[in-house]
>>> print(open('query.csv').read())   # CSV, C-alpha atoms and all ligand atoms
chain,number,residue,atom,x,y,z
A,3,MET,CA,25.0,-24.8,-13.6
A,4,THR,CA,23.5,-23.8,-10.2
A,5,ALA,CA,25.8,-24.2,-7.3
A,6,LEU,CA,24.7,-26.7,-4.7
A,7,TYR,CA,25.2,-24.1,-2.1
A,8,GLN,CA,26.6,-20.6,-1.9
A,9,LEU,CA,27.7,-18.4,1.0
A,10,VAL,CA,27.7,-14.6,0.6
A,11,ARG,CA,29.3,-12.2,3.1
A,12,ASP,CA,27.6,-8.9,4.2
A,13,ALA,CA,24.4,-9.5,2.2
A,14,ASP,CA,21.8,-6.8,1.4
A,15,LEU,CA,18.3,-8.0,2.4
A,16,THR,CA,16.4,-5.0,1.1
A,17,ARG,CA,15.1,-6.9,-1.9
A,18,ARG,CA,14.6,-10.1,0.1
A,19,ASN,CA,11.8,-8.7,2.3
A,20,THR,CA,8.5,-7.6,0.8
A,21,PHE,CA,8.3,-4.5,3.1
A,22,GLY,CA,11.4,-3.4,1.2
A,23,VAL,CA,13.0,-2.0,4.3
A,24,PRO,CA,16.8,-1.8,4.5
A,25,ALA,CA,18.6,-4.6,6.4
A,26,ARG,CA,21.8,-6.6,6.1
A,27,ALA,CA,23.0,-10.0,7.2
A,28,PRO,CA,26.6,-10.9,8.1
A,29,TRP,CA,26.2,-14.0,6.0
A,30,LEU,CA,23.6,-15.3,3.5
A,31,LEU,CA,23.6,-19.0,2.8
A,32,GLN,CA,21.6,-20.3,-0.2
A,33,VAL,CA,21.2,-24.1,-0.3
A,34,ASN,CA,19.8,-25.5,-3.5
A,35,ASP,CA,20.0,-29.2,-2.6
A,36,ALA,CA,18.5,-29.9,0.8
A,37,SER,CA,20.5,-33.1,1.3
A,38,LEU,CA,23.6,-30.9,1.6
A,39,LEU,CA,22.2,-28.7,4.4
A,40,PRO,CA,24.3,-30.4,7.1
A,41,GLU,CA,27.4,-29.9,5.1
A,42,ALA,CA,26.6,-26.3,4.3
A,43,LEU,CA,25.6,-25.5,7.9
A,44,GLY,CA,28.9,-26.9,9.0
A,45,LEU,CA,30.9,-24.3,7.1
A,46,PRO,CA,33.4,-22.8,9.6
A,47,GLN,CA,32.3,-19.2,8.9
A,48,LEU,CA,28.8,-20.1,10.3
A,49,ARG,CA,29.9,-21.8,13.5
A,50,GLY,CA,28.0,-20.6,16.6
A,51,LEU,CA,26.0,-18.0,14.6
A,52,PRO,CA,22.2,-17.7,15.0
A,53,LEU,CA,20.4,-18.8,11.9
A,54,LEU,CA,17.4,-17.1,10.3
A,55,PRO,CA,15.6,-19.1,7.7
A,56,LEU,CA,14.1,-16.8,5.0
A,57,GLY,CA,11.5,-17.7,2.4
A,58,GLY,CA,10.0,-15.0,0.2
A,59,GLY,CA,10.5,-12.5,3.0
A,60,SER,CA,6.8,-11.8,3.0
A,61,ASN,CA,6.1,-12.4,6.7
A,62,LEU,CA,8.8,-10.6,8.5
A,63,LEU,CA,9.8,-7.1,9.5
A,64,PHE,CA,13.4,-6.2,9.8
A,65,ALA,CA,13.5,-3.7,12.7
A,66,GLY,CA,17.3,-4.2,12.6
A,67,ASP,CA,19.9,-6.3,10.8
A,68,ALA,CA,19.8,-10.1,10.9
A,69,PRO,CA,22.0,-11.2,13.7
A,70,GLY,CA,23.9,-14.1,12.2
A,71,ALA,CA,23.3,-16.1,9.0
A,72,VAL,CA,20.3,-15.9,6.8
A,73,LEU,CA,19.4,-19.3,5.2
A,74,VAL,CA,17.5,-19.5,1.9
A,75,MET,CA,16.4,-22.9,0.6
A,76,GLY,CA,16.7,-22.8,-3.2
A,77,GLY,CA,15.1,-26.2,-4.3
A,78,ASP,CA,11.8,-25.5,-6.0
A,79,ARG,CA,10.7,-28.9,-7.5
A,80,ILE,CA,7.0,-29.8,-7.5
A,81,GLU,CA,5.9,-33.3,-8.1
A,82,LEU,CA,2.8,-35.6,-8.1
A,83,LEU,CA,3.5,-38.5,-5.9
A,84,PRO,CA,2.5,-42.0,-7.1
A,85,GLY,CA,-0.9,-43.1,-6.1
A,86,ASP,CA,-4.3,-43.6,-7.6
A,87,GLY,CA,-7.9,-42.6,-7.1
A,88,ASP,CA,-9.4,-39.4,-6.0
A,89,ALA,CA,-6.9,-38.3,-3.4
A,90,VAL,CA,-3.6,-37.0,-4.8
A,91,ARG,CA,-0.4,-36.3,-3.0
A,92,VAL,CA,1.8,-33.5,-4.1
A,93,ARG,CA,5.3,-32.8,-2.8
A,94,ALA,CA,6.9,-29.4,-3.2
A,95,GLU,CA,10.3,-28.3,-2.2
A,96,ALA,CA,10.7,-25.4,0.3
A,97,GLY,CA,12.0,-22.9,-2.2
A,98,ALA,CA,9.0,-23.2,-4.6
A,99,GLU,CA,6.9,-20.1,-4.8
A,100,TRP,CA,3.6,-20.6,-3.1
A,101,HIS,CA,1.4,-19.0,-5.7
A,102,GLY,CA,3.2,-20.9,-8.4
A,103,LEU,CA,2.3,-24.2,-6.5
A,104,VAL,CA,-1.4,-23.1,-6.3
A,105,MET,CA,-1.6,-22.3,-10.0
A,106,TRP,CA,0.2,-25.5,-10.9
A,107,SER,CA,-2.2,-27.5,-8.8
A,108,VAL,CA,-5.4,-25.9,-10.2
A,109,GLY,CA,-3.8,-26.4,-13.7
A,110,GLN,CA,-3.7,-30.1,-12.9
A,111,GLY,CA,-7.4,-30.0,-12.0
A,112,LEU,CA,-6.6,-30.5,-8.4
A,113,SER,CA,-8.7,-28.9,-5.7
A,114,GLY,CA,-7.5,-28.0,-2.2
A,115,LEU,CA,-5.2,-24.9,-2.5
A,116,GLU,CA,-7.4,-22.6,-4.7
A,117,ASN,CA,-8.5,-20.4,-1.8
A,118,LEU,CA,-4.9,-19.7,-1.1
A,119,ALA,CA,-4.0,-18.1,-4.4
A,120,LEU,CA,-1.8,-15.1,-4.6
A,121,ILE,CA,-0.5,-15.4,-1.1
A,122,PRO,CA,3.1,-14.1,-1.3
A,123,GLY,CA,6.0,-16.3,0.0
A,124,SER,CA,7.5,-19.7,-0.4
A,125,VAL,CA,6.2,-23.2,0.1
A,126,GLY,CA,8.7,-23.7,3.0
A,127,ALA,CA,7.3,-20.7,4.9
A,128,ALA,CA,3.6,-21.8,4.5
A,129,PRO,CA,3.5,-24.3,7.4
A,130,ILE,CA,5.4,-22.0,9.8
A,131,GLN,CA,2.5,-19.5,10.3
A,132,ASN,CA,-0.1,-21.9,8.7
A,133,ILE,CA,-1.0,-19.4,6.0
A,134,GLY,CA,-4.8,-19.2,5.4
A,135,ALA,CA,-7.3,-17.2,3.4
A,136,TYR,CA,-10.9,-17.4,2.3
A,137,GLY,CA,-11.9,-20.1,4.8
A,138,VAL,CA,-9.0,-22.5,4.2
A,139,GLY,CA,-5.8,-23.0,6.2
A,140,ALA,CA,-2.8,-24.6,4.5
A,141,GLY,CA,-2.5,-27.0,7.5
A,142,GLU,CA,-5.7,-28.7,6.4
A,143,ARG,CA,-4.1,-29.7,3.2
A,144,ILE,CA,-0.6,-30.6,4.5
A,145,VAL,CA,0.0,-34.3,5.3
A,146,ALA,CA,3.7,-34.0,6.2
A,147,VAL,CA,6.5,-31.6,6.5
A,148,GLU,CA,10.1,-32.6,5.8
A,149,ALA,CA,12.7,-30.8,7.8
A,150,TRP,CA,16.3,-30.8,9.1
A,151,ASP,CA,16.1,-30.9,12.9
A,152,LEU,CA,18.9,-28.7,14.1
A,153,GLY,CA,18.7,-30.1,17.6
A,154,ALA,CA,18.7,-33.8,16.7
A,155,GLN,CA,21.0,-33.2,13.6
A,156,ALA,CA,18.8,-35.4,11.5
A,157,PHE,CA,16.3,-35.2,8.6
A,158,VAL,CA,12.8,-35.8,10.0
A,159,ARG,CA,9.3,-36.1,8.6
A,160,LEU,CA,6.6,-34.5,10.7
A,161,ASP,CA,3.0,-35.7,10.1
A,162,ARG,CA,0.1,-33.2,10.4
A,163,ASP,CA,-0.4,-33.9,14.1
A,164,ALA,CA,3.2,-33.3,14.9
A,165,CYS,CA,3.0,-29.9,13.1
A,166,ALA,CA,0.3,-28.9,15.6
A,167,PHE,CA,-1.4,-26.3,13.3
A,168,GLY,CA,-3.5,-23.6,14.8
A,169,TYR,CA,-4.7,-20.2,13.7
A,170,ARG,CA,-1.5,-18.6,12.2
A,171,ASP,CA,0.4,-21.0,14.4
A,172,SER,CA,2.3,-24.3,14.3
A,173,ALA,CA,5.0,-26.3,16.2
A,174,PHE,CA,7.5,-24.6,13.8
A,175,LYS,CA,6.4,-21.1,15.0
A,176,ARG,CA,6.4,-22.1,18.7
A,177,GLN,CA,9.9,-23.6,18.5
A,178,PRO,CA,11.8,-21.2,16.3
A,179,GLY,CA,15.3,-22.4,15.5
A,180,ARG,CA,14.5,-26.1,15.8
A,181,TRP,CA,13.7,-27.0,12.2
A,182,ILE,CA,14.6,-26.0,8.7
A,183,VAL,CA,11.7,-26.9,6.4
A,184,THR,CA,13.0,-28.6,3.3
A,185,ALA,CA,9.7,-29.8,1.6
A,186,VAL,CA,6.0,-30.0,2.2
A,187,GLU,CA,3.6,-32.8,1.2
A,188,PHE,CA,-0.1,-32.0,0.4
A,189,ALA,CA,-3.2,-34.1,0.0
A,190,LEU,CA,-5.4,-32.7,-2.8
A,191,SER,CA,-8.4,-34.0,-4.6
A,192,ARG,CA,-9.6,-34.5,-8.1
A,193,THR,CA,-13.3,-34.2,-7.2
A,194,ALA,CA,-13.8,-32.2,-4.0
A,195,ALA,CA,-16.1,-29.3,-4.4
A,196,PRO,CA,-14.6,-25.8,-3.8
A,197,ARG,CA,-15.2,-24.2,-0.4
A,198,LEU,CA,-17.1,-21.0,-1.1
A,199,GLY,CA,-18.5,-20.1,2.4
A,200,TYR,CA,-16.2,-17.1,3.1
A,201,ALA,CA,-17.9,-13.8,2.7
A,202,GLY,CA,-17.6,-12.4,-0.8
A,203,LEU,CA,-16.3,-15.5,-2.6
A,204,ALA,CA,-19.6,-16.8,-4.0
A,205,GLU,CA,-20.6,-13.3,-4.9
A,206,GLU,CA,-17.4,-12.8,-6.9
A,207,LEU,CA,-17.9,-16.0,-8.8
A,208,ALA,CA,-21.5,-14.9,-9.6
A,209,ALA,CA,-20.2,-11.6,-10.8
A,210,MET,CA,-17.7,-13.5,-13.0
A,211,GLY,CA,-20.7,-15.4,-14.5
A,212,VAL,CA,-19.4,-18.7,-13.3
A,213,ALA,CA,-22.3,-21.2,-12.5
A,214,SER,CA,-20.4,-24.3,-11.4
A,215,PRO,CA,-16.9,-23.2,-10.2
A,216,GLY,CA,-14.0,-25.6,-10.1
A,217,PRO,CA,-10.6,-25.0,-8.5
A,218,ARG,CA,-9.4,-22.9,-11.4
A,219,GLU,CA,-12.4,-20.5,-11.3
A,220,THR,CA,-12.2,-20.3,-7.5
A,221,ALA,CA,-8.6,-19.4,-7.6
A,222,GLU,CA,-9.4,-16.7,-10.2
A,223,ALA,CA,-12.1,-15.2,-7.9
A,224,VAL,CA,-9.7,-15.2,-5.0
A,225,ILE,CA,-7.1,-13.4,-7.1
A,226,ARG,CA,-9.6,-10.8,-8.2
A,227,ILE,CA,-10.7,-10.1,-4.6
A,228,ARG,CA,-7.1,-10.0,-3.3
A,229,ARG,CA,-6.0,-7.6,-6.1
A,230,ARG,CA,-8.8,-5.3,-5.2
A,231,LYS,CA,-8.3,-5.3,-1.5
A,232,LEU,CA,-4.6,-5.9,-0.8
A,233,PRO,CA,-1.7,-3.9,-2.0
A,234,ASP,CA,0.7,-5.8,-4.3
A,235,PRO,CA,4.1,-6.0,-2.6
A,236,ALA,CA,5.8,-5.5,-6.0
A,237,GLN,CA,4.1,-2.0,-6.1
A,238,VAL,CA,4.1,-1.0,-2.4
A,239,GLY,CA,6.1,-2.7,0.3
A,240,ASN,CA,3.9,-4.7,2.7
A,241,ALA,CA,3.7,-8.1,4.5
A,242,GLY,CA,0.0,-8.8,4.2
A,243,SER,CA,-1.9,-8.7,7.4
A,244,PHE,CA,0.3,-7.1,10.1
A,245,PHE,CA,-1.8,-8.2,13.0
A,246,LYS,CA,-3.5,-11.5,13.8
A,247,ASN,CA,-7.2,-11.5,14.4
A,248,PRO,CA,-7.3,-11.5,18.3
A,249,ILE,CA,-8.8,-14.4,20.1
A,250,VAL,CA,-10.5,-13.2,23.2
A,251,PRO,CA,-12.7,-14.6,26.0
A,252,ARG,CA,-16.3,-15.0,24.8
A,253,ALA,CA,-17.6,-12.6,27.5
A,254,LEU,CA,-15.4,-9.7,26.2
A,255,ALA,CA,-16.5,-10.4,22.6
A,256,GLU,CA,-20.1,-10.3,23.7
A,257,SER,CA,-19.8,-7.0,25.5
A,258,LEU,CA,-17.9,-5.4,22.6
A,259,TYR,CA,-20.5,-6.7,20.2
A,260,GLN,CA,-23.3,-5.2,22.2
A,261,ALA,CA,-21.6,-1.8,22.1
A,262,HIS,CA,-20.6,-2.2,18.5
A,263,PRO,CA,-23.0,-4.4,16.5
A,264,ALA,CA,-20.9,-4.0,13.3
A,265,LEU,CA,-17.9,-5.7,14.8
A,266,PRO,CA,-17.3,-9.0,13.0
A,267,VAL,CA,-17.1,-11.9,15.5
A,268,PHE,CA,-15.9,-15.4,14.5
A,269,PRO,CA,-15.6,-18.7,16.3
A,270,GLY,CA,-12.4,-18.8,18.5
A,271,ASP,CA,-10.2,-21.8,19.2
A,272,ALA,CA,-12.4,-23.1,22.0
A,273,GLU,CA,-16.0,-23.0,23.1
A,274,ASP,CA,-15.4,-20.0,25.4
A,275,THR,CA,-13.3,-17.9,23.0
A,276,ARG,CA,-14.1,-15.8,20.0
A,277,LYS,CA,-12.0,-14.3,17.2
A,278,LEU,CA,-12.5,-10.6,16.4
A,279,SER,CA,-11.6,-8.7,13.3
A,280,ALA,CA,-8.4,-6.8,13.9
A,281,ALA,CA,-9.1,-4.8,10.7
A,282,TRP,CA,-12.4,-3.6,12.0
A,283,LEU,CA,-10.9,-2.6,15.4
A,284,ILE,CA,-8.0,-0.7,13.7
A,285,ASP,CA,-10.4,0.9,11.2
A,286,ALA,CA,-12.6,2.1,14.0
A,287,CYS,CA,-9.6,3.8,15.6
A,288,GLY,CA,-9.2,5.8,12.4
A,289,TRP,CA,-5.9,4.4,11.2
A,290,LYS,CA,-7.0,3.2,7.7
A,291,GLY,CA,-5.1,5.1,5.0
A,292,ARG,CA,-3.0,7.1,7.6
A,293,ARG,CA,0.5,7.9,6.6
A,294,GLU,CA,3.4,9.2,8.7
A,295,GLY,CA,6.4,9.9,6.4
A,296,ASP,CA,6.7,6.7,4.3
A,297,ALA,CA,5.2,4.4,6.9
A,298,GLY,CA,1.5,4.0,6.7
A,299,VAL,CA,-1.7,1.9,6.9
A,300,SER,CA,-3.1,0.7,3.5
A,301,ALA,CA,-6.1,2.7,2.3
A,302,GLY,CA,-7.6,-0.6,1.0
A,303,HIS,CA,-7.3,-2.7,4.2
A,304,ALA,CA,-6.7,-1.6,7.7
A,305,LEU,CA,-4.7,-4.7,8.7
A,306,VAL,CA,-1.9,-4.0,6.2
A,307,LEU,CA,1.0,-1.8,7.0
A,308,VAL,CA,2.7,-0.3,4.0
A,309,ASN,CA,6.1,1.2,3.1
A,310,HIS,CA,5.5,4.0,0.7
A,311,GLY,CA,9.1,4.1,-0.2
A,312,ARG,CA,11.8,4.8,2.3
A,313,ALA,CA,10.3,3.8,5.6
A,314,THR,CA,12.6,1.8,7.9
A,315,GLY,CA,11.6,-1.3,9.8
A,316,LEU,CA,11.8,0.7,13.1
A,317,GLN,CA,9.4,3.3,11.8
A,318,LEU,CA,7.0,0.6,10.7
A,319,LEU,CA,7.4,-1.1,14.1
A,320,ASP,CA,6.8,2.2,15.9
A,321,LEU,CA,3.6,2.8,13.9
A,322,ALA,CA,2.4,-0.8,14.6
A,323,ARG,CA,3.0,-0.3,18.4
A,324,ARG,CA,0.9,2.9,18.4
A,325,ILE,CA,-1.9,1.2,16.5
A,326,ALA,CA,-1.9,-1.7,19.0
A,327,ALA,CA,-1.9,0.8,21.9
A,328,SER,CA,-4.9,2.7,20.6
A,329,VAL,CA,-6.9,-0.5,20.0
A,330,GLN,CA,-5.9,-1.6,23.6
A,331,GLU,CA,-7.0,1.7,25.0
A,332,ARG,CA,-10.3,1.9,23.1
A,333,PHE,CA,-11.5,-1.7,23.1
A,334,GLY,CA,-9.3,-3.4,25.8
A,335,VAL,CA,-8.0,-5.9,23.2
A,336,ALA,CA,-4.3,-6.7,22.7
A,337,LEU,CA,-3.1,-7.1,19.1
A,338,GLU,CA,-0.2,-9.2,18.2
A,339,PRO,CA,1.9,-9.0,15.1
A,340,GLU,CA,1.5,-11.7,12.5
A,341,PRO,CA,4.9,-11.4,10.9
A,342,ARG,CA,8.1,-12.2,12.7
A,343,VAL,CA,9.8,-9.1,14.0
A,344,VAL,CA,13.6,-9.4,13.6
A,345,GLY,CA,16.0,-7.2,15.6
A,346,ALA,CA,13.5,-6.0,18.2
A,347,ASP,CA,11.0,-7.3,20.7
A,348,TRP,CA,7.3,-6.6,20.2
B,1,LIG,N1,-12.7,-4.8,7.8
B,1,LIG,C1,-12.8,-3.5,8.2
B,1,LIG,N2,-11.9,-2.6,7.6
B,1,LIG,C2,-10.9,-3.0,6.7
B,1,LIG,C3,-10.9,-4.3,6.3
B,1,LIG,C4,-11.8,-5.2,6.8
B,1,LIG,O1,-13.6,-3.2,9.0
B,1,LIG,O2,-10.1,-2.1,6.3
B,1,LIG,C5,-13.6,-5.8,8.4
B,1,LIG,C6,-14.8,-6.1,7.5
B,1,LIG,O3,-15.9,-6.1,8.2
B,1,LIG,C7,-14.5,-7.4,6.9
B,1,LIG,C8,-13.7,-8.1,8.0
B,1,LIG,O4,-13.0,-7.0,8.6
B,1,LIG,O5,-15.7,-8.1,6.6
B,1,LIG,C9,-12.8,-9.2,7.6
B,1,LIG,O6,-11.9,-8.7,6.5
B,1,LIG,P1,-11.2,-9.7,5.5
B,1,LIG,O7,-12.2,-10.6,4.9
B,1,LIG,O8,-10.3,-8.9,4.6
B,1,LIG,O9,-10.4,-10.6,6.4
B,1,LIG,P2,-9.3,-10.4,7.6
B,1,LIG,O10,-9.8,-11.1,8.8
B,1,LIG,O11,-9.0,-8.9,7.8
B,1,LIG,C10,-7.9,-12.5,7.1
B,1,LIG,C11,-6.5,-12.8,6.9
B,1,LIG,C12,-6.0,-12.5,5.6
B,1,LIG,C13,-6.8,-13.1,4.5
B,1,LIG,C14,-8.3,-12.7,4.7
B,1,LIG,C15,-9.2,-13.4,3.7
B,1,LIG,C16,-5.6,-12.7,9.2
B,1,LIG,C17,-4.7,-11.9,10.1
B,1,LIG,N3,-5.7,-12.2,8.0
B,1,LIG,O12,-8.0,-11.1,7.0
B,1,LIG,O13,-4.7,-13.0,5.4
B,1,LIG,O14,-6.4,-12.8,3.2
B,1,LIG,O15,-8.7,-13.1,6.0
B,1,LIG,O16,-9.3,-14.7,4.1
B,1,LIG,O17,-6.0,-13.8,9.5
B,1,LIG,C18,-2.4,-12.4,5.8
B,1,LIG,O18,-2.4,-13.3,6.8
B,1,LIG,O19,-1.3,-11.8,5.5
B,1,LIG,C19,-3.6,-12.1,5.1
B,1,LIG,C20,-3.7,-11.2,4.2
>>> encode(input="query.csv", output="structure tokens", more="lines below")
Ligand code: EPU
Amino acid sequence: MTALYQLVRDADLTRRNTFGVPARAPWLLQVNDASLLPEALGLPQLRGLPLLPLGGGSNLLFAGDAPGAVLVMGGDRIELLPGDGDAVRVRAEAGAEWHGLVMWSVGQGLSGLENLALIPGSVGAAPIQNIGAYGVGAGERIVAVEAWDLGAQAFVRLDRDACAFGYRDSAFKRQPGRWIVTAVEFALSRTAAPRLGYAGLAEELAAMGVASPGPRETAEAVIRIRRRKLPDPAQVGNAGSFFKNPIVPRALAESLYQAHPALPVFPGDAEDTRKLSAAWLIDACGWKGRREGDAGVSAGHALVLVNHGRATGLQLLDLARRIAASVQERFGVALEPEPRVVGADW
């Protein structure tokens, strides 16, 4: 039988972060039944310690050890909620694997999550940075997030508005340490047409010989593109995109575009802003495929930092800072890390 919760002293986190960098935590608490979170967090060993919730460890960089207790939510149940008609609600516990949820949903004939196939990490981590890919953000599909509110000491249910989703952003990210996500509820559809507008997706489906793609085929196309472009964390340590695509004033985007017509420019978060491709900026500075010791930049995608074996978090952070400095110097654009950096300030 699985324990309801379990506390481990001096835990090794090397295999709990997809960069595979060495790090430790004074305590690791795994809670398999979310209703027992208050009890488990009340354990005397944890009193007064900072708490770091950890999902699949695919969106953080340990530049040092975790300062207090690391919390892992173990529950991984996925269920269809009662309802009828075209719109279908699905509830998944925080510890479920994200890609497993996507494949389960397309297996049920449900559309909504197919563009988000193969993103590493857990369901509970998805709303924090509002994971997104191929033209869809998870926040568009989330109707509610269930969480333990550490401030109010109460279980709460935040609707989509309260989650305040933005590009790789949410209320959870802006107020770290306030909530522990315990489950996420999604609105999916039995009939919605797949969203194929993102560059390369329709072409991939055509190359697969698929004439009228449903969710399953779309997920398959996304998986093929990702496998080609992005390194598999099981083979080489990485955390996906290391930098967010920068949102800049429209005037800056326009002047950069005039000087560099190949620079991809996307809509920003407001009329007078634009989003630039960080990968393009980094690539143009010559970093793609570079390697310094075991820390490097993927040869397949300039946004992805990789650990070729024995890199430390500090070495990766140092490389990231120098990449950002060169983009700042050449283009006047500030890059920000997408993963959470633990143990150092950016
Ligand atoms: N590009 C380059 N060099 C490269 C890679 C890309 O110049 O090495 C340029 C190309 O012009 C390309 C453009 O950048 O057309 C965009 O590249 P891509 O489609 O790979 O998307 P991205 O903006 O770099 C974002 C997400 C990814 C997500 C992809 C696909 C962010 C920070 N990253 O990358 O998400 O998979 O779109 O939707 O928003 C992640 O967040 O960890 C992640 C992998």
>>> closest_residue(input="query.csv", among="A:Leu307, A:Trp150, A:Ile121, A:Cys287", to="Gln330 (chain A)", atoms="all atoms listed in the file")
A:Cys287
>>> residues_near_point(input="query.csv", point="(-11.5, -2.4, 11.0)", cutoff="12 Å", atoms="all atoms listed in the file", output="short mmCIF file (atom, residue, chain, number, x, y, z; two decimals) with C-alpha atoms, in the frame of the given file")
data_model
loop_
_atom_site.label_atom_id
_atom_site.label_comp_id
_atom_site.auth_asym_id
_atom_site.auth_seq_id
_atom_site.Cartn_x
_atom_site.Cartn_y
_atom_site.Cartn_z
CA PHE A 245 -1.80 -8.20 13.00
CA ASN A 247 -7.20 -11.50 14.40
CA HIS A 262 -20.60 -2.20 18.50
CA ALA A 264 -20.90 -4.00 13.30
CA LEU A 265 -17.90 -5.70 14.80
CA PRO A 266 -17.30 -9.00 13.00
CA VAL A 267 -17.10 -11.90 15.50
CA LEU A 278 -12.50 -10.60 16.40
CA SER A 279 -11.60 -8.70 13.30
CA ALA A 280 -8.40 -6.80 13.90
CA ALA A 281 -9.10 -4.80 10.70
CA TRP A 282 -12.40 -3.60 12.00
CA LEU A 283 -10.90 -2.60 15.40
CA ILE A 284 -8.00 -0.70 13.70
CA ASP A 285 -10.40 0.90 11.20
CA ALA A 286 -12.60 2.10 14.00
CA CYS A 287 -9.60 3.80 15.60
CA GLY A 288 -9.20 5.80 12.40
CA TRP A 289 -5.90 4.40 11.20
CA LYS A 290 -7.00 3.20 7.70
CA GLY A 291 -5.10 5.10 5.00
CA VAL A 299 -1.70 1.90 6.90
CA SER A 300 -3.10 0.70 3.50
CA ALA A 301 -6.10 2.70 2.30
CA GLY A 302 -7.60 -0.60 1.00
CA HIS A 303 -7.30 -2.70 4.20
CA ALA A 304 -6.70 -1.60 7.70
CA LEU A 305 -4.70 -4.70 8.70
CA VAL A 306 -1.90 -4.00 6.20
CA ILE A 325 -1.90 1.20 16.50
CA VAL A 329 -6.90 -0.50 20.00
#
>>> atom_distance(input="query.csv", atom1="atom O19 of ligand LIG 1 (chain B)", atom2="CA of Ala135 (chain A)")
8.3 Å
>>> atom_distance(input="query.csv", atom1="CA of Thr20 (chain A)", atom2="CA of Leu321 (chain A)")
17.4 Å
>>> atom_distance(input="query.csv", atom1="CA of Leu30 (chain A)", atom2="CA of Leu56 (chain A)")
9.7 Å
>>> residues_near_point(input="query.csv", point="(-11.6, -7.9, -2.7)", cutoff="10 Å", atoms="only C-alpha atoms", output="list in words")
Gly202, Leu203, Glu206, Ala223, Val224, Ile225, Arg226, Ile227, Arg228, Arg229, Arg230, Lys231, Leu232, Gly302 and His303 of chain A
>>> residues_around(input="query.csv", residues="Ala166 (chain A)", least_positions_apart="2", cutoff="12 Å", atoms="only C-alpha atoms", output="PyMOL selection string")
chain A and resi 129-132+141-142+144-147+160-164+168-177
>>> closest_residue(input="query.csv", among="A:Glu222, A:Pro24, A:Gly139, A:Arg18", to="Ser124 (chain A)", atoms="all atoms listed in the file")
A:Arg18
>>> residues_around(input="query.csv", residues="region 179-193 of chain A", least_positions_apart="4", cutoff="6 Å", atoms="only C-alpha atoms", output="PyMOL selection string")
chain A and resi 88-96+112-114+126+143-152
>>> closest_residue(input="query.csv", among="A:Asp320, A:Asp347, A:Glu331, A:Asp12", to="Gly298 (chain A)", atoms="only C-alpha atoms")
A:Asp320
>>> closest_residue(input="query.csv", among="A:Trp348, A:Arg218, A:Ala201, A:Asn309", to="Arg323 (chain A)", atoms="only C-alpha atoms")
A:Trp348
>>> closest_residue(input="query.csv", among="A:Leu48, A:Leu15, A:Leu63, A:Leu316", to="Phe244 (chain A)", atoms="only C-alpha atoms")
A:Leu63
>>> residues_around(input="query.csv", residues="Leu337 (chain A)", least_positions_apart="6", cutoff="7 Å", atoms="only C-alpha atoms", output="PDB file with C-alpha atoms, keeping the file's coordinate frame")
ATOM      1  CA  PHE A 245      -1.800  -8.200  13.000  1.00  0.00           C
ATOM      2  CA  LYS A 246      -3.500 -11.500  13.800  1.00  0.00           C
ATOM      3  CA  PRO A 248      -7.300 -11.500  18.300  1.00  0.00           C
ATOM      4  CA  ALA A 326      -1.900  -1.700  19.000  1.00  0.00           C
TER       5      ALA A 326
END
>>> residues_around(input="query.csv", residues="Gly123 (chain A)", least_positions_apart="5", cutoff="6 Å", atoms="all atoms listed in the file", output="PyMOL selection string")
chain A and resi 58+60+100
>>> closest_residue(input="query.csv", among="A:Asp296, A:Glu338, A:Asp274, A:Glu99", to="ligand LIG 1 (chain B)", atoms="only C-alpha atoms and all ligand atoms")
A:Glu338
>>> residues_around(input="query.csv", residues="Ala5 (chain A)", least_positions_apart="2", cutoff="10 Å", atoms="all atoms listed in the file", output="CSV table (one decimal) with C-alpha atoms, in the frame of the given file")
chain,number,residue,atom,x,y,z
A,3,MET,CA,25.0,-24.8,-13.6
A,7,TYR,CA,25.2,-24.1,-2.1
A,8,GLN,CA,26.6,-20.6,-1.9
A,32,GLN,CA,21.6,-20.3,-0.2
A,33,VAL,CA,21.2,-24.1,-0.3
A,34,ASN,CA,19.8,-25.5,-3.5
A,35,ASP,CA,20.0,-29.2,-2.6
>>> decode(input="query.csv", residues="region 41-47 of chain A", atoms="N, CA and C atoms", output="PDB file, in the first residue's frame")
ATOM      1  N   GLU A  41      -2.286  18.319   7.474  1.00  0.00           N
ATOM      2  CA  GLU A  41      -1.682  17.465   8.502  1.00  0.00           C
ATOM      3  C   GLU A  41      -0.183  17.261   8.226  1.00  0.00           C
ATOM      4  N   ALA A  42       0.142  16.929   6.955  1.00  0.00           N
ATOM      5  CA  ALA A  42       1.536  16.645   6.610  1.00  0.00           C
ATOM      6  C   ALA A  42       2.394  17.907   6.763  1.00  0.00           C
ATOM      7  N   LEU A  43       1.853  19.054   6.340  1.00  0.00           N
ATOM      8  CA  LEU A  43       2.629  20.295   6.439  1.00  0.00           C
ATOM      9  C   LEU A  43       2.812  20.729   7.895  1.00  0.00           C
ATOM     10  N   GLY A  44       1.990  20.172   8.775  1.00  0.00           N
ATOM     11  CA  GLY A  44       2.093  20.501  10.194  1.00  0.00           C
ATOM     12  C   GLY A  44       3.134  19.668  10.926  1.00  0.00           C
ATOM     13  N   LEU A  45       3.806  18.758  10.230  1.00  0.00           N
ATOM     14  CA  LEU A  45       4.816  17.931  10.894  1.00  0.00           C
ATOM     15  C   LEU A  45       5.868  18.830  11.549  1.00  0.00           C
ATOM     16  N   PRO A  46       6.259  18.515  12.782  1.00  0.00           N
ATOM     17  CA  PRO A  46       7.159  19.414  13.523  1.00  0.00           C
ATOM     18  C   PRO A  46       8.485  19.672  12.808  1.00  0.00           C
ATOM     19  N   GLN A  47       8.987  18.680  12.055  1.00  0.00           N
ATOM     20  CA  GLN A  47      10.281  18.872  11.369  1.00  0.00           C
ATOM     21  C   GLN A  47      10.214  20.016  10.358  1.00  0.00           C
TER      22      GLN A  47
END
